[in-house]
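Undergrad: TSV, C-alpha atoms, file coords.tsv:
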chain	number	residue	atom	x	y	z
A	1	MET	CA	-4.42	1.50	-13.18
A	2	ASN	CA	-6.68	4.02	-11.50
A	3	ILE	CA	-10.21	2.56	-11.47
A	4	PRO	CA	-12.96	2.70	-8.87
A	5	ARG	CA	-13.23	-0.41	-6.73
A	6	MET	CA	-15.94	-2.59	-8.27
A	7	SER	CA	-17.53	-3.28	-4.88
A	8	THR	CA	-17.84	0.46	-4.19
A	9	LEU	CA	-19.04	1.18	-7.72
A	10	GLY	CA	-21.55	-1.67	-7.52
A	11	LEU	CA	-23.04	-0.46	-4.26
A	12	ALA	CA	-23.23	3.13	-5.53
A	13	THR	CA	-24.89	1.95	-8.77
A	14	ILE	CA	-27.55	-0.05	-6.92
A	15	ILE	CA	-28.31	2.89	-4.62
A	16	LEU	CA	-28.53	5.33	-7.54
A	17	TRP	CA	-30.90	3.20	-9.61
A	18	ALA	CA	-32.98	2.32	-6.54
A	19	LEU	CA	-33.44	6.04	-5.87
A	20	GLY	CA	-34.32	6.56	-9.52
A	21	TYR	CA	-36.91	3.80	-9.29
A	22	ALA	CA	-38.38	5.34	-6.14
A	23	LEU	CA	-38.68	8.73	-7.85
A	24	TRP	CA	-40.22	7.10	-10.91
A	25	LEU	CA	-42.91	5.46	-8.73
A	26	THR	CA	-44.09	8.90	-7.60
A	27	ASN	CA	-45.55	9.39	-11.10
A	28	PHE	CA	-48.16	6.73	-10.34
A	29	VAL	CA	-49.17	7.61	-6.77
A	30	PHE	CA	-52.59	8.88	-7.83
A	31	GLU	CA	-53.22	6.32	-10.57
A	32	PRO	CA	-55.81	3.49	-10.09
A	33	PHE	CA	-54.54	0.36	-8.34
A	34	PRO	CA	-54.22	-2.07	-11.29
A	35	PHE	CA	-52.39	0.53	-13.37
A	36	GLN	CA	-50.19	1.48	-10.43
A	37	LEU	CA	-49.18	-2.13	-9.65
A	38	ASP	CA	-48.62	-3.01	-13.29
A	39	HIS	CA	-46.30	-0.07	-13.92
A	40	SER	CA	-44.47	-0.67	-10.64
A	41	LEU	CA	-43.66	-4.24	-11.64
A	42	ARG	CA	-42.66	-3.13	-15.12
A	43	GLY	CA	-40.34	-0.55	-13.58
A	44	VAL	CA	-38.47	-3.25	-11.63
A	45	ALA	CA	-37.40	-4.89	-14.87
A	46	ILE	CA	-36.55	-1.60	-16.55
A	47	PHE	CA	-34.45	-0.20	-13.71
A	48	THR	CA	-32.76	-3.55	-13.18
A	49	LEU	CA	-31.70	-3.44	-16.83
A	50	GLY	CA	-30.48	0.15	-16.32
A	51	ALA	CA	-28.30	-0.91	-13.40
A	52	THR	CA	-26.99	-3.89	-15.40
A	53	LEU	CA	-26.11	-1.64	-18.33
A	54	SER	CA	-24.30	0.68	-15.90
A	55	PHE	CA	-22.20	-2.23	-14.62
A	56	GLY	CA	-21.28	-3.11	-18.20
A	57	ILE	CA	-20.39	0.51	-19.00
A	58	GLY	CA	-18.25	0.66	-15.87
A	59	ARG	CA	-16.25	-2.42	-16.90
A	60	MET	CA	-15.81	-1.02	-20.40
A	61	LEU	CA	-14.56	2.33	-19.08
A	62	ASN	CA	-12.18	0.59	-16.68
A	63	GLY	CA	-10.66	-1.25	-19.63
A	64	LEU	CA	-10.28	1.98	-21.63
A	65	GLN	CA	-8.65	4.05	-18.88
A	66	ASP	CA	-5.05	3.41	-19.97
A	67	ARG	CA	-5.67	2.93	-23.69
A	68	ALA	CA	-7.85	5.81	-24.86
A	69	GLU	CA	-6.99	9.51	-25.03
A	70	VAL	CA	-9.08	11.92	-22.99
A	71	ARG	CA	-10.95	13.36	-26.00
A	72	THR	CA	-11.63	9.87	-27.35
A	73	LEU	CA	-12.79	8.71	-23.95
A	74	TRP	CA	-15.31	11.53	-23.65
A	75	GLY	CA	-16.63	10.74	-27.12
A	76	ILE	CA	-17.08	7.12	-26.08
A	77	VAL	CA	-18.87	8.27	-22.93
A	78	ALA	CA	-21.34	10.41	-24.92
A	79	ALA	CA	-22.00	7.62	-27.42
A	80	THR	CA	-22.43	5.10	-24.60
A	81	ILE	CA	-24.99	7.27	-22.81
A	82	LEU	CA	-27.05	7.62	-25.99
A	83	ALA	CA	-26.79	3.92	-26.82
A	84	ALA	CA	-27.70	2.82	-23.28
A	85	THR	CA	-30.67	5.19	-23.25
A	86	ALA	CA	-31.87	3.82	-26.60
A	87	VAL	CA	-31.60	0.24	-25.32
A	88	LEU	CA	-33.47	1.08	-22.14
A	89	VAL	CA	-36.25	2.95	-23.96
A	90	SER	CA	-36.63	0.10	-26.43
A	91	PHE	CA	-36.80	-2.41	-23.61
A	92	ASP	CA	-39.41	-0.25	-21.87
A	93	VAL	CA	-41.59	-0.24	-25.00
A	94	VAL	CA	-41.22	-4.01	-25.46
A	95	VAL	CA	-42.04	-4.73	-21.83
A	96	MET	CA	-45.10	-2.48	-22.02
A	97	ASN	CA	-46.43	-4.44	-25.01
A	98	VAL	CA	-45.69	-7.84	-23.48
A	99	ILE	CA	-46.77	-7.30	-19.88
A	100	ALA	CA	-49.58	-4.77	-20.21
A	101	PRO	CA	-50.95	-4.84	-23.75
A	102	HIS	CA	-54.39	-3.91	-22.44
A	103	TRP	CA	-53.14	-0.39	-21.74
A	104	GLY	CA	-52.71	0.15	-25.42
A	105	GLY	CA	-49.89	-0.13	-27.90
A	106	PRO	CA	-46.80	2.11	-27.91
A	107	THR	CA	-47.07	5.58	-29.37
A	108	LEU	CA	-44.51	8.25	-30.19
A	109	THR	CA	-45.59	10.06	-27.04
A	110	ASN	CA	-44.82	6.97	-24.95
A	111	VAL	CA	-41.35	6.77	-26.45
A	112	LEU	CA	-40.60	10.47	-25.97
A	113	GLU	CA	-41.67	10.21	-22.34
A	114	LYS	CA	-38.86	7.71	-21.76
A	115	ILE	CA	-36.10	9.95	-23.14
A	116	PRO	CA	-35.51	11.55	-19.69
A	117	MET	CA	-34.06	8.18	-18.70
A	118	VAL	CA	-30.86	9.65	-20.16
A	119	TRP	CA	-30.53	11.61	-16.91
A	120	MET	CA	-30.07	8.37	-15.00
A	121	PHE	CA	-27.09	7.46	-17.15
A	122	LEU	CA	-25.72	11.00	-16.92
A	123	ALA	CA	-26.02	10.84	-13.13
A	124	TRP	CA	-24.34	7.44	-13.15
A	125	MET	CA	-21.47	8.78	-15.30
A	126	LEU	CA	-20.95	11.66	-12.87
A	127	LEU	CA	-20.93	9.13	-10.05
A	128	TYR	CA	-18.40	6.96	-11.90
A	129	PHE	CA	-15.97	9.81	-12.55
A	130	ALA	CA	-16.36	11.06	-8.98
A	131	LEU	CA	-15.37	7.60	-7.74
A	132	LEU	CA	-12.57	7.53	-10.31
A	133	ALA	CA	-11.18	10.84	-9.01
A	134	ASP	CA	-11.39	9.54	-5.45
A	135	SER	CA	-9.61	6.34	-6.50
A	136	LYS	CA	-6.80	8.34	-8.12
A	137	ARG	CA	-6.48	10.47	-5.01
A	138	ARG	CA	-6.26	7.37	-2.82
A	139	ASP	CA	-3.69	5.81	-5.13
A	140	ARG	CA	-1.59	8.97	-4.99
A	141	GLU	CA	-1.78	8.95	-1.20
A	142	VAL	CA	-0.79	5.28	-1.07
A	143	ARG	CA	2.12	5.80	-3.47
A	144	LEU	CA	3.23	8.86	-1.52
A	145	ALA	CA	3.04	6.95	1.75
A	146	GLN	CA	4.99	4.06	0.23
A	147	ALA	CA	7.61	6.43	-1.15
A	148	ILE	CA	7.95	8.18	2.21
A	149	THR	CA	8.20	4.83	4.00
A	150	THR	CA	10.83	3.62	1.55
A	151	ALA	CA	12.80	6.85	1.87
A	152	ILE	CA	12.61	6.76	5.66
A	153	ASP	CA	13.67	3.12	5.71
A	154	ALA	CA	16.60	3.82	3.37
A	155	GLN	CA	17.66	6.85	5.39
A	156	HIS	CA	17.33	4.90	8.63
A	157	ARG	CA	19.44	2.01	7.31
A	158	LEU	CA	22.04	4.46	6.05
A	159	LEU	CA	22.26	6.06	9.48
A	160	VAL	CA	22.50	2.67	11.18
A	161	GLN	CA	25.35	1.60	8.91
A	162	GLN	CA	27.42	4.76	9.44
A	163	ILE	CA	30.18	3.11	11.43
A	164	ASN	CA	33.05	5.34	12.42
A	165	PRO	CA	35.98	4.21	10.23
A	166	HIS	CA	38.38	5.12	13.05
A	167	PHE	CA	36.75	2.42	15.15
A	168	LEU	CA	37.52	-0.17	12.47
A	169	PHE	CA	41.11	1.04	12.11
A	170	ASN	CA	41.61	0.98	15.87
A	171	ALA	CA	40.03	-2.47	16.16
A	172	LEU	CA	42.27	-3.91	13.45
A	173	ASN	CA	45.32	-2.25	14.99
A	174	THR	CA	44.38	-3.78	18.35
A	175	VAL	CA	44.14	-7.25	16.78
A	176	TYR	CA	47.48	-6.70	15.04
A	177	ALA	CA	49.15	-5.68	18.31
A	178	LEU	CA	47.75	-8.77	20.06
A	179	VAL	CA	49.04	-11.03	17.29
A	180	VAL	CA	52.47	-9.40	17.40
A	181	ASP	CA	52.55	-9.87	21.18
A	182	GLY	CA	51.69	-13.52	20.74
A	183	ASP	CA	48.33	-13.20	22.54
A	184	GLY	CA	46.37	-15.33	20.06
A	185	THR	CA	43.53	-16.04	22.47
A	186	ARG	CA	42.65	-12.38	22.98
A	187	ALA	CA	43.19	-11.66	19.28
A	188	ARG	CA	40.69	-14.36	18.30
A	189	ARG	CA	38.21	-13.12	20.90
A	190	CYS	CA	38.57	-9.56	19.62
A	191	LEU	CA	38.03	-10.67	16.01
A	192	LEU	CA	34.93	-12.65	17.00
A	193	SER	CA	33.51	-9.62	18.77
A	194	LEU	CA	34.26	-7.42	15.77
A	195	SER	CA	32.64	-9.95	13.44
A	196	ALA	CA	29.50	-10.20	15.62
A	197	PHE	CA	29.22	-6.41	15.89
A	198	LEU	CA	29.64	-5.83	12.14
A	199	ARG	CA	27.16	-8.59	11.33
A	200	ARG	CA	24.49	-6.75	13.31
A	201	SER	CA	25.37	-3.28	12.10
A	202	ILE	CA	25.58	-3.84	8.33
A	203	ASP	CA	22.91	-6.51	7.88
A	204	PRO	CA	20.50	-5.05	5.24
A	205	ASP	CA	17.66	-7.23	6.52
A	206	ALA	CA	18.10	-6.36	10.19
A	207	PRO	CA	14.89	-5.18	11.92
A	208	ARG	CA	14.47	-1.55	12.86
A	209	GLU	CA	13.79	-2.41	16.47
A	210	VAL	CA	15.13	-5.20	18.68
A	211	PRO	CA	14.68	-6.27	22.30
A	212	LEU	CA	16.82	-4.31	24.73
A	213	SER	CA	18.65	-7.56	25.54
A	214	ASP	CA	19.85	-7.80	21.90
A	215	GLU	CA	20.93	-4.17	21.92
A	216	LEU	CA	22.99	-4.77	25.06
A	217	ALA	CA	24.58	-7.81	23.39
A	218	SER	CA	25.71	-5.58	20.50
A	219	ILE	CA	27.12	-3.04	22.95
A	220	ARG	CA	29.08	-5.80	24.73
A	221	HIS	CA	30.59	-6.91	21.41
A	222	TYR	CA	31.60	-3.33	20.71
A	223	LEU	CA	33.01	-2.77	24.18
A	224	GLU	CA	34.87	-6.09	24.13
A	225	ILE	CA	37.05	-4.54	21.44
A	226	GLU	CA	37.44	-1.24	23.29
A	227	LEU	CA	38.17	-3.03	26.59
A	228	THR	CA	40.89	-4.99	24.82
A	229	ARG	CA	42.27	-1.78	23.39
A	230	PHE	CA	42.25	0.31	26.59
A	231	GLY	CA	42.70	-2.46	29.14
A	232	GLU	CA	42.32	-1.41	32.77
A	233	ARG	CA	41.62	2.18	31.80
A	234	LEU	CA	38.04	1.34	30.78
A	235	HIS	CA	35.37	-0.20	32.98
A	236	LEU	CA	31.72	-1.04	32.19
A	237	ASP	CA	28.90	-0.99	34.72
A	238	GLU	CA	25.41	-2.16	33.71
A	239	SER	CA	22.24	-1.49	35.67
A	240	ILE	CA	19.33	-2.89	33.66
A	241	PRO	CA	16.21	-4.19	35.45
A	242	PRO	CA	15.36	-7.68	34.11
A	243	GLY	CA	11.78	-6.60	33.49
A	244	LEU	CA	12.93	-4.13	30.81
A	245	LEU	CA	15.07	-6.52	28.76
A	246	ASP	CA	12.17	-7.35	26.43
A	247	CYS	CA	11.36	-3.71	25.64
A	248	ARG	CA	11.75	-2.86	21.95
A	249	VAL	CA	14.40	-0.27	21.15
A	250	PRO	CA	15.92	0.98	17.86
A	251	ALA	CA	18.74	-1.31	16.78
A	252	LEU	CA	22.24	0.04	17.55
A	253	ILE	CA	20.86	3.18	19.15
A	254	LEU	CA	23.25	2.97	22.11
A	255	GLN	CA	26.49	2.25	20.23
A	256	PRO	CA	27.04	5.86	19.04
A	257	LEU	CA	26.48	7.07	22.62
A	258	VAL	CA	29.01	4.61	24.03
A	259	GLU	CA	31.44	5.46	21.25
A	260	ASN	CA	31.00	9.14	22.10
A	261	CYS	CA	32.05	8.37	25.69
A	262	VAL	CA	35.17	6.53	24.54
A	263	LYS	CA	36.08	9.16	21.98
A	264	HIS	CA	35.80	12.18	24.26
A	265	GLY	CA	36.52	10.58	27.62
A	266	LEU	CA	39.51	8.33	26.92
A	267	THR	CA	41.14	9.04	23.57
A	268	GLY	CA	44.24	11.17	23.97
A	269	HIS	CA	44.28	10.81	27.78
A	270	THR	CA	45.77	8.40	30.30
A	271	ARG	CA	42.97	8.61	32.87
A	272	ARG	CA	40.65	5.78	33.82
A	273	MET	CA	36.98	5.92	32.93
A	274	THR	CA	33.79	4.05	33.79
A	275	ILE	CA	30.79	3.81	31.48
A	276	TRP	CA	27.41	3.26	33.13
A	277	LEU	CA	24.57	1.75	31.14
A	278	SER	CA	21.14	1.96	32.77
A	279	ALA	CA	17.46	1.77	31.87
A	280	SER	CA	14.34	2.89	33.67
A	281	LEU	CA	10.69	3.78	33.14
A	282	GLU	CA	9.84	7.44	33.66
A	283	HIS	CA	6.34	8.80	32.98
A	284	ASP	CA	5.48	5.99	30.53
A	285	LYS	CA	8.80	6.45	28.74
A	286	LEU	CA	11.69	4.04	28.50
A	287	VAL	CA	14.83	5.99	29.35
A	288	LEU	CA	18.20	4.55	28.32
A	289	SER	CA	21.16	6.30	29.91
A	290	VAL	CA	24.84	6.20	28.94
A	291	GLU	CA	27.13	8.00	31.40
A	292	ASP	CA	30.86	8.29	31.84
A	293	ASP	CA	33.21	10.01	34.28
A	294	GLY	CA	35.77	11.03	31.67
A	295	ARG	CA	36.44	14.48	30.39
A	296	SER	CA	33.43	16.84	30.37
A	297	PRO	CA	32.51	18.89	27.28
A	298	PRO	CA	33.65	22.51	27.29
A	299	GLN	CA	31.39	24.97	29.10
A	300	ASP	CA	32.26	27.98	26.96
A	301	GLY	CA	29.37	27.48	24.57
A	302	THR	CA	31.50	25.90	21.81
A	303	TRP	CA	30.22	22.36	22.42
A	304	SER	CA	27.61	20.95	20.05
A	305	PHE	CA	26.25	17.58	19.00
A	306	GLY	CA	28.74	15.60	16.92
A	307	VAL	CA	28.05	13.23	14.04
A	308	GLY	CA	27.22	10.29	16.31
A	309	LEU	CA	24.72	12.15	18.48
A	310	ASN	CA	23.11	13.84	15.49
A	311	ASN	CA	22.82	10.41	13.91
A	312	VAL	CA	20.89	9.19	16.96
A	313	LYS	CA	18.63	12.28	16.93
A	314	GLN	CA	17.77	11.77	13.26
A	315	ARG	CA	16.99	8.10	13.75
A	316	LEU	CA	14.72	8.82	16.70
A	317	GLN	CA	12.90	11.46	14.66
A	318	LEU	CA	12.47	9.07	11.72
A	319	LEU	CA	11.19	6.22	13.88
A	320	HIS	CA	9.09	8.00	16.49
A	321	GLY	CA	8.79	11.67	15.59
A	322	ASP	CA	8.26	13.92	18.60
A	323	ALA	CA	7.44	10.91	20.81
A	324	ALA	CA	11.16	10.21	21.28
A	325	ARG	CA	14.09	12.47	22.07
A	326	LEU	CA	17.77	12.56	22.97
A	327	THR	CA	19.26	14.67	25.73
A	328	ALA	CA	23.00	15.07	26.19
A	329	ASN	CA	24.94	17.25	28.60
A	330	ALA	CA	27.83	17.39	31.04
A	331	ARG	CA	27.58	15.08	34.03
A	332	LEU	CA	27.72	16.46	37.55
A	333	GLY	CA	31.14	15.55	38.93
A	334	GLY	CA	32.76	15.22	35.51
A	335	GLY	CA	32.06	13.29	32.37
A	336	PHE	CA	29.11	13.16	30.06
A	337	VAL	CA	25.57	11.75	30.13
A	338	SER	CA	23.27	10.94	27.21
A	339	ARG	CA	19.69	9.79	27.60
A	340	VAL	CA	17.34	8.34	25.00
A	341	HIS	CA	13.64	8.74	25.83
A	342	LEU	CA	11.48	6.22	23.96
A	343	PRO	CA	7.70	5.60	23.94
A	344	THR	CA	6.78	2.29	25.55
A	345	ALA	CA	3.79	1.62	23.28
Translate this file's structure into structure tokens.
TA:
Amino acid sequence: MNIPRMSTLGLATIILWALGYALWLTNFVFEPFPFQLDHSLRGVAIFTLGATLSFGIGRMLNGLQDRAEVRTLWGIVAATILAATAVLVSFDVVVMNVIAPHWGGPTLTNVLEKIPMVWMFLAWMLLYFALLADSKRRDREVRLAQAITTAIDAQHRLLVQQINPHFLFNALNTVYALVVDGDGTRARRCLLSLSAFLRRSIDPDAPREVPLSDELASIRHYLEIELTRFGERLHLDESIPPGLLDCRVPALILQPLVENCVKHGLTGHTRRMTIWLSASLEHDKLVLSVEDDGRSPPQDGTWSFGVGLNNVKQRLQLLHGDAARLTANARLGGGFVSRVHLPTA
């Protein structure tokens, strides 16, 4: 339901009627003192009633917002303004007779002089609908922000859970080969690593960001499988300063980069390859580097970001916008290097 906040409406109502009372007092600036004081005190009661009526009208309109048609609502508004004005004028006449009967009884002229009080209720109605429009605008902005957040979160989780099916096939084939060879110990260790990696990667309640130490643990589970698969052909070298292990990084942001190294540097070849994982602070940015000395990408202009690297780019954009970026290019001396630049705050 789109209604003005009662606290905001209440404050605005008090200010409006206080201003109306102040303007009303200007009518008696040049009157004699007893008359001036008497009417000033009478005005307190009258304008207090006006503010109270406005509060009641506001609650009534709030209750009608979702039940009355627009044309019906405007008819109710017009009738309410007339009724509230009649009540206020009647109260003014009664108060004048009770508090200051020595000024004379009420006359038709006295009553007609009070009719302009309708402008106070008209001004209050304009104020109410202005606050109502602002409330609707704020609600739309909140709903839009919530929808965008939900969409971003869903897109981010989808990107996180996009595991290369070839990795799963290769992992299961590796376990099968170990079982066939009678190496039950390594087969169990490989299955445990696969289970731990999948648990982190497909958990729907997993946080968007994790400490760098947790991210490295996921990478080790992933590489445990690949090290079992490739044996001596694959070597891992980590260079992570202990002081950076608590830095928050997007969950599973490094796995696609490591997988890219394995895919392009080892698959289909018999060479050996080393993967270097490192982290450093550069110009208030946390830089995570994944390098390998395998096969370099082609230099003929045909190379472009694959699915894994594009996945990382999209996730960085969703989480940090332009504050984060991914760079990827051939490594001097052969191989490939990818770097994720993350804000530290």
Undergrad: Can you work out the spacing between CA of Ala324 in chain A and CA of Arg220 in chain A in Å, to one decimal?
TA: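 CA of Arg220 in chain A lies at a distance of 24.3 Å from CA of Ala324 in chain A.
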Undergrad: Using all atoms listed in the file, which of A:Thr344, A:Gln255, A:Ser193, A:Ser213 sits nearest Ile240 in chain A?
TA: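 Under the stated criterion, the closest residue is A:Ser213.
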Undergrad: Which residues are close to range 267-283 of chain A, i.e. within 6 Å by only C-alpha atoms, leaving aside same-chain residues fewer than 6 positions away? Reply as a list in words.
TA: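 In the requested form, the answer reads Arg233, Leu234, His235, Leu236, Asp237, Glu238, Ser239, Ile240, Ser289, Val290, Glu291, Asp292, Asp293 and Gly294 of chain A.
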Undergrad: Excluding Thr327 in chain A and any residue of its chain fewer than 3 positions from it, enumerate the residues within 12 Å of it, using all atoms listed in the file, and give them as JSON, numbers by chain.
TA: {"A": [257, 287, 288, 289, 290, 291, 304, 305, 309, 310, 312, 313, 316, 324, 330, 331, 336, 337, 338, 339, 340, 341, 342]}
Undergrad: Hey, can you check how far CA of Ser135 in chain A sits from CA of Thr13 in chain A?
TA: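 Separation between CA of Ser135 in chain A and CA of Thr13 in chain A: 16.1 Å.
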Undergrad: Can you work out which one of A:Lys285, A:Leu49, A:Met60, A:Trp24 has the shortest atom-to-atom distance to Ser90 in chain A, counting only C-alpha atoms?
TA: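 Using only C-alpha atoms, Ser90 in chain A sits closest to A:Leu49.
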Undergrad: Measuring atom to atom with all atoms listed in the file, identify which of A:Val249, A:Pro343, A:Ala78, A:Arg59 is nearest to Gly321 in chain A.
TA: A:Pro343
Undergrad: Hey, what's within 9 Å of Met120 in chain A if we count all atoms listed in the file and toss same-chain stuff fewer than 3 positions away? As a PyMOL selection string, please?
TA: chain A and resi 16-17+20+50+85+116-117+123-125
Undergrad: Using only C-alpha atoms, which of the listed residues (A:Asn260, A:Asn170, A:Thr80, A:Thr8) sits closest to Ala328 in chain A?
TA: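 Ranked by minimum distance to Ala328 in chain A, first place goes to A:Asn260.
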Undergrad: In Å, rounded to a single decimal, give me how far CA of Leu254 in chain A is from CA of Leu216 in chain A.
TA: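 So the answer is 8.3 Å.
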